[in-house]
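Here the structure comes first, spelled out in C-alpha cells, and everything after it is commentary.
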Amino acid sequence: MTLTAAFFYLFAALTVASAFMVISARNPVHAVLYLILAFFNAAGLFVLLGAEFLAMILVVVYVGAVAVLFLFVVMMLDVDFAELRAGFMKNATLGAGVGLLVLAEIVFLVATQFLKPGALPAGIARASPIPTDITNTEALGRVLYTKYVYFFQGAGLILLVAMIGAIVLTLRHKPNVRRQNISEQNARTKTTAMDVIKVPSGGYTIPDKVAAKV
C-alpha cells in the first residue's frame, strides 16, 4: 500500500466516522464539533485529489464561518431539542426512504469504478481529466461558470430559500421584551420625546409625571 492510499483510507474513515457522530450525538454542541472534524478530513481528501482550492475553501468557508456560526447559534438560541426529537418517529418512514435512496446512489457510484470502460451507458458522462497547463482555481472556474453555470445559480437559490426558511422557523417573539421601532422613533415629536419643566424659584421637585417614568 502506497503512502497516498494510506492517507486516503485514513481521511475517508475519519470522515465517515465523524459524519456518523454528527447525526448520533445527543449534545448539539458536540455534533457541530464532529461536523468541523468531518470538514477537515474532507479537505484532506480534496488535497489528495489535487483540488487544493476546494480544500482551502472547505476549511476557510465551512469551518471558519458556517460551522462556527452553527455553533454560536446552537449555544445562543433557546431551542427546545426535546420537542424537536419528539417528531422523529413521525418522519422516520420518510427519512428511511430518503436514506435508502442515497445509499443506492452511493452503491451505484462505487460499483461503476469496478466496471469495464464500455460497460456504462452512453448517456452517463465520465469525469474530465485534470488539466496540467492551468491552475486548479482557473480550471474550476472554467467548468463552474460555463458548463454548470445554471446548476450553480440554482444551488445558490436553494441555499437562499433554506436560509430564509431557517430564519422564519427560529424567529420567535417573546413577550415583555423591548424592541426597536424605527418608524415610531422617526415619527416622534417634541411633545412625545421630551418634557419641558418649569423650575420654580427657590427649589426643584420632580413632578409626579416624570417620577413615574423614572
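Starting from 1 in every chain, residues are counted up; chains themselves are A, B, ... following the order of the C-alpha cells, and ligands are numbered from 1 as listed.
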Practice prompt. Considering only C-alpha atoms, return as a PyMOL selection string whatever protein or nucleic-acid residues lie within 10 Å of Leu49 (chain A), sequence-local ones (same chain, fewer than 6 positions apart) excluded.
Written response: chain A and resi 4+8+43+55+130
Take the selection from the previous step and output its residues with C-alpha atoms, as a PDB file, in the first residue's frame.
ATOM      1  CA  THR A   4      -1.215   8.193  -0.734  1.00  0.00           C
ATOM      2  CA  PHE A   8      -6.883   8.255   1.637  1.00  0.00           C
ATOM      3  CA  ALA A  43     -10.371  18.848   2.952  1.00  0.00           C
ATOM      4  CA  ALA A  55      -9.724  22.101   0.228  1.00  0.00           C
ATOM      5  CA  ILE A 130      -7.359  17.291 -14.652  1.00  0.00           C
TER       6      ILE A 130
END
Worksheet entry | Spatial neighbours of Ala51 (chain A), max dist 12 Å, only C-alpha atoms, sep filter under 3 positions, as number ranges by chain | A: 42-48, 54-58, 130-131, 135-140
Practice prompt. Find the residues around Tyr62 (chain A) up to 10 Å (only C-alpha atoms counted), leave out those fewer than 4 positions away in its own chain, and share them as a list in words.
Written response: Leu35, Ile36, Phe39, Phe40, Met56, Ile57, Leu58, Val66, Ala67, Val68 and Leu69 of chain A
Residues from last step as file, all heavy atoms, as a CSV table (one decimal), in the first residue's frame:
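Result written to result.csv:
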chain,number,residue,atom,x,y,z
A,35,LEU,N,-18.9,17.8,13.2
A,35,LEU,CA,-19.0,18.3,11.8
A,35,LEU,C,-17.8,19.1,11.3
A,35,LEU,O,-17.3,18.9,10.2
A,35,LEU,CB,-20.2,19.3,11.7
A,35,LEU,CG,-20.5,19.9,10.4
A,35,LEU,CD1,-20.9,18.8,9.4
A,35,LEU,CD2,-21.7,20.9,10.5
A,36,ILE,N,-17.1,19.8,12.2
A,36,ILE,CA,-15.9,20.5,11.9
A,36,ILE,C,-14.8,19.5,11.6
A,36,ILE,O,-14.0,19.7,10.7
A,36,ILE,CB,-15.5,21.5,13.0
A,36,ILE,CG1,-16.5,22.6,13.2
A,36,ILE,CG2,-14.1,22.0,12.8
A,36,ILE,CD1,-16.2,23.5,14.4
A,39,PHE,N,-15.3,18.1,8.2
A,39,PHE,CA,-14.8,19.1,7.1
A,39,PHE,C,-13.3,19.1,7.0
A,39,PHE,O,-12.8,19.1,5.8
A,39,PHE,CB,-15.3,20.5,7.5
A,39,PHE,CG,-16.7,20.8,7.3
A,39,PHE,CD1,-17.4,21.7,8.0
A,39,PHE,CD2,-17.4,20.1,6.3
A,39,PHE,CE1,-18.8,22.0,7.8
A,39,PHE,CE2,-18.8,20.3,6.1
A,39,PHE,CZ,-19.4,21.3,6.9
A,40,PHE,N,-12.6,19.0,8.0
A,40,PHE,CA,-11.1,18.9,7.9
A,40,PHE,C,-10.7,17.7,7.2
A,40,PHE,O,-9.8,17.7,6.4
A,40,PHE,CB,-10.5,19.0,9.3
A,40,PHE,CG,-10.3,20.4,9.8
A,40,PHE,CD1,-11.0,20.9,10.9
A,40,PHE,CD2,-9.3,21.2,9.2
A,40,PHE,CE1,-10.8,22.2,11.3
A,40,PHE,CE2,-9.0,22.4,9.7
A,40,PHE,CZ,-9.8,22.9,10.8
A,56,MET,N,-9.0,24.4,0.5
A,56,MET,CA,-8.9,25.7,1.2
A,56,MET,C,-10.3,26.3,1.4
A,56,MET,O,-10.6,26.9,2.5
A,56,MET,CB,-8.0,26.6,0.5
A,56,MET,CG,-7.7,27.9,1.2
A,56,MET,SD,-6.9,27.6,2.8
A,56,MET,CE,-5.4,26.9,2.3
A,57,ILE,N,-11.1,26.3,0.4
A,57,ILE,CA,-12.5,26.8,0.6
A,57,ILE,C,-13.2,26.1,1.6
A,57,ILE,O,-14.0,26.7,2.4
A,57,ILE,CB,-13.2,26.8,-0.8
A,57,ILE,CG1,-12.6,27.8,-1.8
A,57,ILE,CG2,-14.7,27.0,-0.6
A,57,ILE,CD1,-12.8,29.2,-1.3
A,58,LEU,N,-13.1,24.8,1.7
A,58,LEU,CA,-13.8,24.0,2.7
A,58,LEU,C,-13.4,24.3,4.1
A,58,LEU,O,-14.2,24.4,5.0
A,58,LEU,CB,-13.5,22.5,2.4
A,58,LEU,CG,-14.4,21.5,3.2
A,58,LEU,CD1,-15.9,21.6,2.9
A,58,LEU,CD2,-13.9,20.1,2.9
A,66,VAL,N,-19.3,28.8,8.5
A,66,VAL,CA,-20.5,28.1,8.6
A,66,VAL,C,-20.6,27.3,9.9
A,66,VAL,O,-21.6,27.4,10.7
A,66,VAL,CB,-20.8,27.3,7.4
A,66,VAL,CG1,-22.1,26.5,7.5
A,66,VAL,CG2,-20.8,28.1,6.1
A,67,ALA,N,-19.6,26.5,10.1
A,67,ALA,CA,-19.6,25.6,11.3
A,67,ALA,C,-19.6,26.4,12.6
A,67,ALA,O,-20.3,26.1,13.6
A,67,ALA,CB,-18.5,24.6,11.3
A,68,VAL,N,-18.7,27.4,12.6
A,68,VAL,CA,-18.7,28.3,13.8
A,68,VAL,C,-20.0,29.0,14.0
A,68,VAL,O,-20.4,29.2,15.2
A,68,VAL,CB,-17.5,29.2,13.7
A,68,VAL,CG1,-17.4,30.2,14.9
A,68,VAL,CG2,-16.2,28.5,13.6
A,69,LEU,N,-20.6,29.5,12.9
A,69,LEU,CA,-21.9,30.1,13.1
A,69,LEU,C,-22.9,29.1,13.6
A,69,LEU,O,-23.7,29.5,14.5
A,69,LEU,CB,-22.4,30.6,11.7
A,69,LEU,CG,-23.7,31.3,11.6
A,69,LEU,CD1,-23.8,32.5,12.5
A,69,LEU,CD2,-24.1,31.6,10.2
Worksheet item: Which residues, written as a PyMOL selection string, have at least one atom at most 9 Å from Leu10 (chain A), with only C-alpha atoms counted and residues fewer than 5 positions away on the same chain left out?
Response: chain A and resi 5+15+41
Discussion item. So the first atom is CA of Ser18 (chain A) and the second is CA of Val63 (chain A); what is the distance between them in Å, to one decimal place?
Written reply: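 Pair CA of Ser18 (chain A) / CA of Val63 (chain A) returns 14.0 Å.
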Worksheet, complete the sentence: A straight line from CA of Val29 (chain A) to CA of Val74 (chain A) spans 6.9 Å
